[in-house]
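Engineer: File name query.txt; file contents compact mmCIF, N, CA and C atoms; full text below.
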# COMPACT_ATOMS: atom_id res chain seq x y z
N MET A 62 0.84 -1.17 0.00
CA MET A 62 0.00 0.00 0.00
C MET A 62 0.89 1.24 0.00
N THR A 63 0.67 2.11 -0.93
CA THR A 63 1.36 3.38 -0.98
C THR A 63 0.35 4.46 -0.62
N ALA A 64 0.54 5.07 0.53
CA ALA A 64 -0.40 6.08 0.99
C ALA A 64 -0.10 7.42 0.34
N GLN A 65 -1.15 8.17 0.13
CA GLN A 65 -0.99 9.52 -0.41
C GLN A 65 -1.33 10.54 0.67
N ALA A 66 -0.88 11.77 0.46
CA ALA A 66 -1.13 12.83 1.42
C ALA A 66 -2.61 13.21 1.42
N ALA A 67 -3.11 13.58 2.59
CA ALA A 67 -4.51 13.97 2.72
C ALA A 67 -4.75 15.34 2.09
N PRO A 68 -5.69 15.42 1.15
CA PRO A 68 -5.95 16.71 0.49
C PRO A 68 -6.59 17.73 1.42
N GLY A 69 -7.22 17.28 2.50
CA GLY A 69 -7.89 18.20 3.41
C GLY A 69 -6.96 19.20 4.05
N PHE A 70 -5.71 18.79 4.32
CA PHE A 70 -4.78 19.71 4.99
C PHE A 70 -4.33 20.84 4.07
N LEU A 71 -4.39 20.65 2.78
CA LEU A 71 -4.07 21.73 1.84
C LEU A 71 -5.18 22.78 1.83
N LYS A 72 -6.42 22.30 1.87
CA LYS A 72 -7.56 23.20 1.83
C LYS A 72 -7.83 23.87 3.18
N TRP A 73 -7.60 23.13 4.28
CA TRP A 73 -7.84 23.64 5.63
C TRP A 73 -6.57 23.43 6.46
N PRO A 74 -5.56 24.27 6.28
CA PRO A 74 -4.26 24.07 6.95
C PRO A 74 -4.31 24.18 8.47
N ASP A 75 -5.34 24.79 9.04
CA ASP A 75 -5.44 24.91 10.50
C ASP A 75 -6.08 23.68 11.16
N HIS A 76 -6.57 22.76 10.34
CA HIS A 76 -7.19 21.55 10.89
C HIS A 76 -6.08 20.65 11.44
N PHE A 77 -6.40 19.90 12.47
CA PHE A 77 -5.42 18.95 12.98
C PHE A 77 -6.07 17.63 13.32
N VAL A 78 -5.31 16.57 13.15
CA VAL A 78 -5.67 15.22 13.56
C VAL A 78 -4.44 14.67 14.27
N GLU A 79 -4.60 14.37 15.54
CA GLU A 79 -3.50 13.81 16.32
C GLU A 79 -3.87 12.40 16.76
N ILE A 80 -2.97 11.47 16.52
CA ILE A 80 -3.21 10.07 16.86
C ILE A 80 -2.05 9.58 17.71
N GLY A 81 -2.38 8.97 18.84
CA GLY A 81 -1.34 8.43 19.69
C GLY A 81 -1.87 7.29 20.54
N LEU A 82 -0.98 6.49 21.06
CA LEU A 82 -1.34 5.37 21.92
C LEU A 82 -1.89 5.91 23.23
N SER A 83 -3.07 5.47 23.61
CA SER A 83 -3.65 5.89 24.87
C SER A 83 -2.84 5.32 26.03
N LYS A 84 -2.82 6.04 27.13
CA LYS A 84 -2.10 5.58 28.32
C LYS A 84 -2.94 4.62 29.15
N SER A 85 -4.21 4.45 28.79
CA SER A 85 -5.13 3.61 29.55
C SER A 85 -5.37 2.28 28.85
N SER A 86 -5.89 1.33 29.62
CA SER A 86 -6.41 0.08 29.07
C SER A 86 -7.92 0.20 29.02
N PHE A 87 -8.53 -0.48 28.06
CA PHE A 87 -9.97 -0.36 27.87
C PHE A 87 -10.62 -1.73 27.75
N GLU A 88 -11.85 -1.80 28.24
CA GLU A 88 -12.70 -2.95 27.99
C GLU A 88 -14.01 -2.37 27.46
N LEU A 89 -14.50 -2.94 26.37
CA LEU A 89 -15.70 -2.42 25.72
C LEU A 89 -16.80 -3.47 25.74
N GLU A 90 -17.98 -3.05 26.22
CA GLU A 90 -19.16 -3.91 26.23
C GLU A 90 -20.17 -3.40 25.22
N PHE A 91 -20.87 -4.34 24.61
CA PHE A 91 -22.01 -4.02 23.76
C PHE A 91 -23.20 -4.74 24.37
N ASN A 92 -24.17 -3.99 24.89
CA ASN A 92 -25.34 -4.54 25.57
C ASN A 92 -24.97 -5.61 26.58
N GLY A 93 -23.93 -5.32 27.38
CA GLY A 93 -23.56 -6.20 28.48
C GLY A 93 -22.57 -7.30 28.15
N THR A 94 -22.19 -7.45 26.90
CA THR A 94 -21.23 -8.47 26.49
C THR A 94 -19.90 -7.82 26.13
N VAL A 95 -18.82 -8.29 26.73
CA VAL A 95 -17.50 -7.75 26.41
C VAL A 95 -17.12 -8.17 25.00
N ILE A 96 -16.82 -7.19 24.16
CA ILE A 96 -16.46 -7.48 22.77
C ILE A 96 -15.03 -7.06 22.43
N ALA A 97 -14.40 -6.28 23.35
CA ALA A 97 -13.03 -5.84 23.10
C ALA A 97 -12.35 -5.53 24.42
N SER A 98 -11.05 -5.83 24.44
CA SER A 98 -10.23 -5.51 25.60
C SER A 98 -8.83 -5.23 25.09
N SER A 99 -8.26 -4.07 25.47
CA SER A 99 -6.96 -3.73 24.91
C SER A 99 -6.25 -2.65 25.73
N SER A 100 -4.94 -2.76 25.76
CA SER A 100 -4.09 -1.70 26.30
C SER A 100 -3.32 -1.03 25.15
N SER A 101 -3.77 -1.29 23.91
CA SER A 101 -3.13 -0.74 22.71
C SER A 101 -4.10 0.09 21.88
N VAL A 102 -4.98 0.80 22.55
CA VAL A 102 -6.00 1.61 21.88
C VAL A 102 -5.38 2.94 21.45
N LEU A 103 -5.71 3.35 20.24
CA LEU A 103 -5.26 4.64 19.74
C LEU A 103 -6.30 5.71 20.06
N LYS A 104 -5.84 6.82 20.58
CA LYS A 104 -6.72 7.97 20.84
C LYS A 104 -6.50 8.97 19.72
N MET A 105 -7.60 9.36 19.08
CA MET A 105 -7.52 10.34 18.00
C MET A 105 -8.22 11.62 18.46
N THR A 106 -7.48 12.72 18.41
CA THR A 106 -8.02 14.03 18.69
C THR A 106 -8.04 14.80 17.38
N GLU A 107 -9.22 15.32 17.04
CA GLU A 107 -9.37 16.04 15.77
C GLU A 107 -10.12 17.34 16.02
N LYS A 108 -9.66 18.39 15.38
CA LYS A 108 -10.29 19.70 15.54
C LYS A 108 -11.79 19.61 15.27
N ALA A 109 -12.57 20.18 16.18
CA ALA A 109 -14.03 20.28 16.05
C ALA A 109 -14.75 18.94 16.17
N HIS A 110 -14.09 17.92 16.72
CA HIS A 110 -14.71 16.60 16.92
C HIS A 110 -14.40 16.10 18.32
N ASP A 111 -15.25 15.22 18.83
CA ASP A 111 -14.96 14.54 20.09
C ASP A 111 -13.81 13.58 19.87
N ASP A 112 -13.05 13.31 20.93
CA ASP A 112 -11.99 12.31 20.83
C ASP A 112 -12.61 10.96 20.46
N ARG A 113 -11.87 10.19 19.69
CA ARG A 113 -12.29 8.85 19.27
C ARG A 113 -11.22 7.85 19.68
N TYR A 114 -11.66 6.62 19.95
CA TYR A 114 -10.76 5.55 20.36
C TYR A 114 -10.83 4.43 19.33
N TYR A 115 -9.67 4.09 18.78
CA TYR A 115 -9.57 3.06 17.75
C TYR A 115 -8.91 1.82 18.36
N PHE A 116 -9.65 0.72 18.33
CA PHE A 116 -9.18 -0.55 18.89
C PHE A 116 -8.50 -1.38 17.80
N PRO A 117 -7.40 -2.04 18.15
CA PRO A 117 -6.79 -2.97 17.18
C PRO A 117 -7.78 -4.10 16.87
N LYS A 118 -7.90 -4.46 15.62
CA LYS A 118 -8.84 -5.52 15.23
C LYS A 118 -8.55 -6.83 15.95
N ASP A 119 -7.27 -7.11 16.22
CA ASP A 119 -6.96 -8.38 16.87
C ASP A 119 -7.24 -8.37 18.37
N HIS A 120 -7.81 -7.27 18.90
CA HIS A 120 -8.22 -7.20 20.30
C HIS A 120 -9.74 -7.13 20.41
N ILE A 121 -10.42 -7.40 19.30
CA ILE A 121 -11.89 -7.32 19.22
C ILE A 121 -12.42 -8.69 18.81
N ASP A 122 -13.59 -9.04 19.32
CA ASP A 122 -14.27 -10.25 18.85
C ASP A 122 -14.88 -9.91 17.48
N MET A 123 -14.10 -10.12 16.44
CA MET A 123 -14.53 -9.74 15.09
C MET A 123 -15.68 -10.61 14.58
N THR A 124 -15.99 -11.71 15.27
CA THR A 124 -17.15 -12.52 14.86
C THR A 124 -18.45 -11.76 15.10
N CYS A 125 -18.40 -10.69 15.90
CA CYS A 125 -19.58 -9.87 16.17
C CYS A 125 -19.83 -8.83 15.08
N LEU A 126 -18.87 -8.66 14.17
CA LEU A 126 -18.97 -7.60 13.16
C LEU A 126 -19.24 -8.18 11.78
N THR A 127 -20.15 -7.54 11.08
CA THR A 127 -20.49 -7.91 9.71
C THR A 127 -20.31 -6.68 8.83
N ALA A 128 -19.47 -6.80 7.81
CA ALA A 128 -19.22 -5.68 6.90
C ALA A 128 -20.51 -5.26 6.21
N THR A 129 -20.66 -3.95 6.00
CA THR A 129 -21.80 -3.41 5.26
C THR A 129 -21.30 -2.71 4.01
N ASP A 130 -22.21 -2.27 3.18
CA ASP A 130 -21.84 -1.53 1.97
C ASP A 130 -21.69 -0.04 2.23
N HIS A 131 -21.98 0.38 3.44
CA HIS A 131 -21.92 1.81 3.77
C HIS A 131 -20.47 2.28 3.82
N SER A 132 -20.24 3.49 3.34
CA SER A 132 -18.91 4.10 3.45
C SER A 132 -19.08 5.62 3.53
N THR A 133 -18.06 6.26 4.09
CA THR A 133 -18.03 7.70 4.14
C THR A 133 -16.62 8.15 3.78
N TYR A 134 -16.50 9.42 3.46
CA TYR A 134 -15.20 9.95 3.07
C TYR A 134 -14.82 11.11 3.97
N CYS A 135 -13.57 11.13 4.41
CA CYS A 135 -13.01 12.24 5.18
C CYS A 135 -11.78 12.74 4.44
N PRO A 136 -11.68 14.03 4.14
CA PRO A 136 -10.52 14.54 3.41
C PRO A 136 -9.22 14.51 4.22
N PHE A 137 -9.31 14.15 5.50
CA PHE A 137 -8.12 14.07 6.35
C PHE A 137 -7.69 12.62 6.63
N LYS A 138 -8.66 11.72 6.66
CA LYS A 138 -8.36 10.32 6.99
C LYS A 138 -8.52 9.38 5.79
N GLY A 139 -9.48 9.63 4.93
CA GLY A 139 -9.69 8.79 3.76
C GLY A 139 -11.08 8.17 3.74
N GLN A 140 -11.20 7.06 3.03
CA GLN A 140 -12.47 6.36 2.86
C GLN A 140 -12.67 5.39 4.01
N ALA A 141 -13.80 5.53 4.72
CA ALA A 141 -14.12 4.65 5.85
C ALA A 141 -15.06 3.55 5.40
N GLN A 142 -14.81 2.36 5.92
CA GLN A 142 -15.71 1.24 5.71
C GLN A 142 -16.42 0.98 7.03
N TYR A 143 -17.61 0.37 6.98
CA TYR A 143 -18.44 0.19 8.16
C TYR A 143 -18.81 -1.26 8.38
N TRP A 144 -19.14 -1.55 9.64
CA TRP A 144 -19.62 -2.87 10.04
C TRP A 144 -20.85 -2.69 10.92
N THR A 145 -21.72 -3.68 10.88
CA THR A 145 -22.81 -3.79 11.84
C THR A 145 -22.33 -4.70 12.95
N ILE A 146 -22.63 -4.32 14.18
CA ILE A 146 -22.26 -5.16 15.32
C ILE A 146 -23.48 -5.96 15.75
N ASN A 147 -23.29 -7.27 15.94
CA ASN A 147 -24.35 -8.18 16.34
C ASN A 147 -23.90 -8.98 17.55
N VAL A 148 -24.68 -8.92 18.61
CA VAL A 148 -24.43 -9.73 19.80
C VAL A 148 -25.78 -10.28 20.24
N GLY A 149 -25.94 -11.59 20.13
CA GLY A 149 -27.23 -12.19 20.45
C GLY A 149 -28.30 -11.63 19.53
N ASP A 150 -29.36 -11.12 20.12
CA ASP A 150 -30.46 -10.53 19.33
C ASP A 150 -30.29 -9.03 19.13
N ASP A 151 -29.18 -8.48 19.63
CA ASP A 151 -28.95 -7.03 19.55
C ASP A 151 -28.04 -6.70 18.38
N ALA A 152 -28.40 -5.65 17.65
CA ALA A 152 -27.58 -5.21 16.52
C ALA A 152 -27.55 -3.68 16.46
N LEU A 153 -26.44 -3.17 15.96
CA LEU A 153 -26.32 -1.74 15.68
C LEU A 153 -25.73 -1.61 14.29
N VAL A 154 -26.59 -1.23 13.35
CA VAL A 154 -26.20 -1.12 11.94
C VAL A 154 -25.20 0.03 11.77
N ASN A 155 -24.10 -0.27 11.09
CA ASN A 155 -23.05 0.73 10.82
C ASN A 155 -22.55 1.39 12.11
N GLY A 156 -22.45 0.63 13.17
CA GLY A 156 -22.01 1.15 14.46
C GLY A 156 -20.50 1.13 14.65
N VAL A 157 -19.78 0.61 13.65
CA VAL A 157 -18.33 0.46 13.74
C VAL A 157 -17.73 0.89 12.40
N TRP A 158 -16.59 1.58 12.44
CA TRP A 158 -15.95 1.96 11.18
C TRP A 158 -14.44 1.90 11.31
N GLY A 159 -13.79 1.88 10.15
CA GLY A 159 -12.34 1.89 10.11
C GLY A 159 -11.85 2.30 8.73
N TYR A 160 -10.54 2.50 8.64
CA TYR A 160 -9.90 2.96 7.40
C TYR A 160 -8.88 1.92 6.96
N ALA A 161 -9.18 1.19 5.91
CA ALA A 161 -8.25 0.16 5.42
C ALA A 161 -7.02 0.79 4.77
N GLU A 162 -7.23 1.91 4.09
CA GLU A 162 -6.13 2.60 3.40
C GLU A 162 -6.21 4.10 3.68
N PRO A 163 -5.89 4.50 4.91
CA PRO A 163 -5.98 5.93 5.25
C PRO A 163 -4.88 6.74 4.56
N TYR A 164 -5.08 8.04 4.57
CA TYR A 164 -4.04 8.93 4.07
C TYR A 164 -2.80 8.81 4.95
N GLU A 165 -1.65 9.22 4.42
CA GLU A 165 -0.37 9.01 5.11
C GLU A 165 -0.31 9.66 6.48
N GLU A 166 -1.04 10.73 6.71
CA GLU A 166 -1.04 11.38 8.01
C GLU A 166 -1.76 10.56 9.09
N CYS A 167 -2.50 9.55 8.66
CA CYS A 167 -3.29 8.74 9.59
C CYS A 167 -3.03 7.24 9.43
N LEU A 168 -1.85 6.90 8.99
CA LEU A 168 -1.53 5.48 8.75
C LEU A 168 -1.66 4.60 9.98
N GLU A 169 -1.56 5.18 11.17
CA GLU A 169 -1.70 4.39 12.40
C GLU A 169 -3.06 3.69 12.48
N LEU A 170 -4.06 4.21 11.76
CA LEU A 170 -5.42 3.67 11.84
C LEU A 170 -5.61 2.34 11.11
N VAL A 171 -4.63 1.93 10.32
CA VAL A 171 -4.74 0.64 9.62
C VAL A 171 -4.90 -0.46 10.66
N ASP A 172 -5.80 -1.41 10.39
CA ASP A 172 -6.08 -2.55 11.27
C ASP A 172 -6.66 -2.14 12.61
N HIS A 173 -7.32 -1.00 12.68
CA HIS A 173 -8.01 -0.53 13.87
C HIS A 173 -9.45 -0.16 13.47
N VAL A 174 -10.35 -0.25 14.42
CA VAL A 174 -11.72 0.20 14.18
C VAL A 174 -12.19 1.05 15.36
N CYS A 175 -13.19 1.85 15.08
CA CYS A 175 -13.76 2.76 16.05
C CYS A 175 -15.25 2.45 16.21
N PHE A 176 -15.76 2.68 17.40
CA PHE A 176 -17.15 2.40 17.73
C PHE A 176 -17.87 3.70 18.06
N TYR A 177 -19.17 3.76 17.76
CA TYR A 177 -19.98 4.91 18.14
C TYR A 177 -20.27 4.82 19.64
N LEU A 178 -19.29 5.19 20.45
CA LEU A 178 -19.39 5.03 21.90
C LEU A 178 -20.49 5.88 22.52
N GLU A 179 -20.97 6.89 21.81
CA GLU A 179 -22.05 7.71 22.34
C GLU A 179 -23.40 6.99 22.30
N LYS A 180 -23.47 5.87 21.61
CA LYS A 180 -24.69 5.07 21.56
C LYS A 180 -24.88 4.36 22.90
N PRO A 181 -26.11 4.28 23.40
CA PRO A 181 -26.33 3.69 24.72
C PRO A 181 -26.01 2.19 24.80
N GLU A 182 -25.90 1.52 23.66
CA GLU A 182 -25.59 0.08 23.68
C GLU A 182 -24.16 -0.20 24.14
N PHE A 183 -23.29 0.81 24.06
CA PHE A 183 -21.88 0.63 24.41
C PHE A 183 -21.60 1.11 25.83
N ARG A 184 -20.72 0.41 26.48
CA ARG A 184 -20.18 0.85 27.77
C ARG A 184 -18.68 0.65 27.72
N LEU A 185 -17.95 1.73 27.89
CA LEU A 185 -16.49 1.69 27.84
C LEU A 185 -15.95 1.77 29.26
N HIS A 186 -15.15 0.78 29.65
CA HIS A 186 -14.51 0.75 30.96
C HIS A 186 -13.05 1.14 30.75
N VAL A 187 -12.63 2.18 31.45
CA VAL A 187 -11.26 2.67 31.34
C VAL A 187 -10.50 2.25 32.59
N LYS A 188 -9.34 1.64 32.36
CA LYS A 188 -8.47 1.20 33.45
C LYS A 188 -7.17 1.99 33.35
N GLU A 189 -6.91 2.83 34.32
CA GLU A 189 -5.71 3.67 34.30
C GLU A 189 -4.44 2.86 34.48
Just give me the structure of the file as structure tokens.
Structural biologist:
Amino acid sequence: MTAQAAPGFLKWPDHFVEIGLSKSSFELEFNGTVIASSSSVLKMTEKAHDDRYYFPKDHIDMTCLTATDHSTYCPFKGQAQYWTINVGDDALVNGVWGYAEPYEECLELVDHVCFYLEKPEFRLHVKE
């Protein structure tokens, strides 16, 4: 994969996206079932957005995720792909996303996914 520079930074030079390894460990529940646990979560801080936490795919029960056809585009990160999360009879359509081929400024996001943690189905436990 050869990453290209994000065009968004040329158009909006004051925008920032900062990605770094969180200092905390996390456990993530979906409707009471633990679906992820990791001390290798990436914290992304982006201008005008809430902080987001990206979990490594190999720290997630990926059997709970089903790829969808939905996608979105960000001029700073690239093309996002989405998954529906299913646990038992509970589902959240397009509740998870990630960047398979992000722009070079966000290459850390490869093999990581993010969850809509503001949804009531999720509970994030932070361990300092």
Engineer: Which is closer to Trp158 in chain A than all the others in A:Phe87, A:Phe183, A:Phe137, A:Tyr114, using only C-alpha atoms?
Structural biologist: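 Using only C-alpha atoms, the shortest distance to Trp158 in chain A belongs to A:Tyr114.
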Engineer: Range 93-106 of chain A, all listed atoms, 5 Å padding on each side: what axis-aligned box centre and edge lengths in Å to one decimal come out, as lines of an AutoDock Vina configuration file?
Structural biologist:
center_x = -13.5
center_y = 3.2
center_z = 22.9
size_x = 30.8
size_y = 33.3
size_z = 21.1
Engineer: Write down as a ChimeraX atom specification the residues belonging to chain A that are assigned strand (DSSP E or B) by DSSP computed on the backbone.
Structural biologist: /A:78-82,86-91,94-99,103-107,113-117,121,126-135,139-148,151-159,173-176,183-188
Engineer: A:Pro136, A:Ala67, A:Phe176, A:Met105: which is nearest Gly156 in chain A, counting all atoms listed in the file?
Structural biologist: A:Phe176
Engineer: I'd like the interatomic distance between CA of Glu169 in chain A and CA of Leu89 in chain A, to a tenth of an Å.
Structural biologist: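 These two atoms are separated by 20.5 Å.
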Engineer: When you draw a straight line from atom N of Lys188 in chain A to CA of Gly159 in chain A, how long is it in Å?
Structural biologist: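 A separation of 22.5 Å between them.
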Engineer: So the first atom is CA of Asp75 in chain A and the second is CA of Cys135 in chain A; what is the distance between them in Å, to one decimal place?
Structural biologist: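 According to the coordinates, CA of Asp75 in chain A and CA of Cys135 in chain A are separated by 15.7 Å.
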Engineer: Which one of A:Phe70, A:Tyr143, A:Tyr115, A:Tyr134 sits closest to Leu103 in chain A if you count all atoms listed in the file?
Structural biologist: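 Smallest distance to Leu103 in chain A is found for A:Tyr115.
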Engineer: Under the rule that only C-alpha atoms are counted, which of A:Thr106, A:Thr145, A:Ser86, A:Gln140 is the nearest residue to His120 in chain A?
Structural biologist: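 Among the listed residues, A:Ser86 lies closest to His120 in chain A.
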Engineer: Counting only N, CA and C atoms, which residues have an atom no more than 7 Å from (-19.7, -7.6, 15.5) in the file's coordinates? Please list them as an MDAnalysis selection string.
Structural biologist: chainID A and resid 122:127 144:148
Engineer: My list of candidates is A:Arg113, A:His131, A:His173, A:Lys84. Which is closest to Glu189 in chain A when distances are computed with only N, CA and C atoms?
Structural biologist: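 Using only N, CA and C atoms, Glu189 in chain A sits closest to A:Lys84.
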Engineer: Can you list, as a ChimeraX atom specification, every residue of range 115-157 of chain A that DSSP puts in helix (DSSP H, G or I)?
Structural biologist: /A:118-120,123-125
Engineer: Smallest atom-to-atom distance to Glu107 in chain A: which of A:Leu185, A:Val154, A:Ala128, A:Cys167, using only C-alpha atoms?
Structural biologist: A:Cys167
Engineer: Near Asp151 in chain A, within 9 Å and counting only C-alpha atoms, which residues show up once chain neighbours fewer than 5 positions away are dropped, as a PyMOL selection string?
Structural biologist: chain A and resi 91-92+146+182
Engineer: Residues near Pro163 in chain A, anyone? I mean within 7 Å using all atoms listed in the file, not counting same-chain ones fewer than 2 positions away, as a PyMOL selection string.
Structural biologist: chain A and resi 64-65+137-140+160-161+165-168+170-171
Engineer: For range 132-142 of chain A, which lacks atoms in the input, supply all heavy atoms and format the output as a compact mmCIF listing (two decimals), keeping the file's coordinate frame.
Structural biologist:
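As a result, part32.txt now contains:
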# COMPACT_ATOMS: atom_id res chain seq x y z
N SER A 132 -20.24 3.49 3.34
CA SER A 132 -18.91 4.10 3.45
C SER A 132 -19.08 5.62 3.53
O SER A 132 -20.11 6.16 3.13
CB SER A 132 -18.02 3.71 2.27
OG SER A 132 -18.49 4.29 1.07
N THR A 133 -18.06 6.26 4.09
CA THR A 133 -18.03 7.70 4.14
C THR A 133 -16.62 8.15 3.78
O THR A 133 -15.68 7.36 3.80
CB THR A 133 -18.39 8.25 5.55
OG1 THR A 133 -17.50 7.69 6.50
CG2 THR A 133 -19.83 7.94 5.91
N TYR A 134 -16.50 9.42 3.46
CA TYR A 134 -15.20 9.95 3.07
C TYR A 134 -14.82 11.11 3.97
O TYR A 134 -15.63 12.00 4.27
CB TYR A 134 -15.23 10.44 1.62
CG TYR A 134 -13.96 11.13 1.21
CD1 TYR A 134 -12.79 10.40 0.98
CD2 TYR A 134 -13.91 12.51 1.10
CE1 TYR A 134 -11.61 11.05 0.64
CE2 TYR A 134 -12.74 13.16 0.74
CZ TYR A 134 -11.59 12.42 0.53
OH TYR A 134 -10.42 13.05 0.19
N CYS A 135 -13.57 11.13 4.41
CA CYS A 135 -13.01 12.24 5.18
C CYS A 135 -11.78 12.74 4.44
O CYS A 135 -10.89 11.94 4.12
CB CYS A 135 -12.61 11.76 6.58
SG CYS A 135 -11.69 13.00 7.51
N PRO A 136 -11.68 14.03 4.14
CA PRO A 136 -10.52 14.54 3.41
C PRO A 136 -9.22 14.51 4.22
O PRO A 136 -8.15 14.78 3.68
CB PRO A 136 -10.91 15.97 3.06
CG PRO A 136 -11.94 16.35 4.07
CD PRO A 136 -12.66 15.08 4.43
N PHE A 137 -9.31 14.15 5.50
CA PHE A 137 -8.12 14.07 6.35
C PHE A 137 -7.69 12.62 6.63
O PHE A 137 -6.51 12.35 6.82
CB PHE A 137 -8.36 14.79 7.68
CG PHE A 137 -8.76 16.21 7.49
CD1 PHE A 137 -10.08 16.59 7.56
CD2 PHE A 137 -7.81 17.18 7.19
CE1 PHE A 137 -10.47 17.90 7.36
CE2 PHE A 137 -8.18 18.50 6.97
CZ PHE A 137 -9.51 18.86 7.05
N LYS A 138 -8.66 11.72 6.66
CA LYS A 138 -8.36 10.32 6.99
C LYS A 138 -8.52 9.38 5.79
O LYS A 138 -7.80 8.41 5.67
CB LYS A 138 -9.24 9.86 8.15
CG LYS A 138 -8.95 10.63 9.44
CD LYS A 138 -9.80 10.19 10.60
CE LYS A 138 -11.23 10.59 10.52
NZ LYS A 138 -11.57 11.99 10.66
N GLY A 139 -9.48 9.63 4.93
CA GLY A 139 -9.69 8.79 3.76
C GLY A 139 -11.08 8.17 3.74
O GLY A 139 -12.02 8.69 4.35
N GLN A 140 -11.20 7.06 3.03
CA GLN A 140 -12.47 6.36 2.86
C GLN A 140 -12.67 5.39 4.01
O GLN A 140 -11.84 4.52 4.26
CB GLN A 140 -12.46 5.59 1.53
CG GLN A 140 -13.80 5.11 1.07
CD GLN A 140 -14.67 6.25 0.56
OE1 GLN A 140 -14.18 7.20 -0.05
NE2 GLN A 140 -15.95 6.16 0.80
N ALA A 141 -13.80 5.53 4.72
CA ALA A 141 -14.12 4.65 5.85
C ALA A 141 -15.06 3.55 5.40
O ALA A 141 -15.97 3.78 4.61
CB ALA A 141 -14.77 5.45 6.98
N GLN A 142 -14.81 2.36 5.92
CA GLN A 142 -15.71 1.24 5.71
C GLN A 142 -16.42 0.98 7.03
O GLN A 142 -15.92 1.34 8.09
CB GLN A 142 -14.95 0.00 5.25
CG GLN A 142 -13.89 -0.47 6.23
CD GLN A 142 -12.98 -1.52 5.63
OE1 GLN A 142 -12.14 -1.21 4.80
NE2 GLN A 142 -13.16 -2.74 6.06
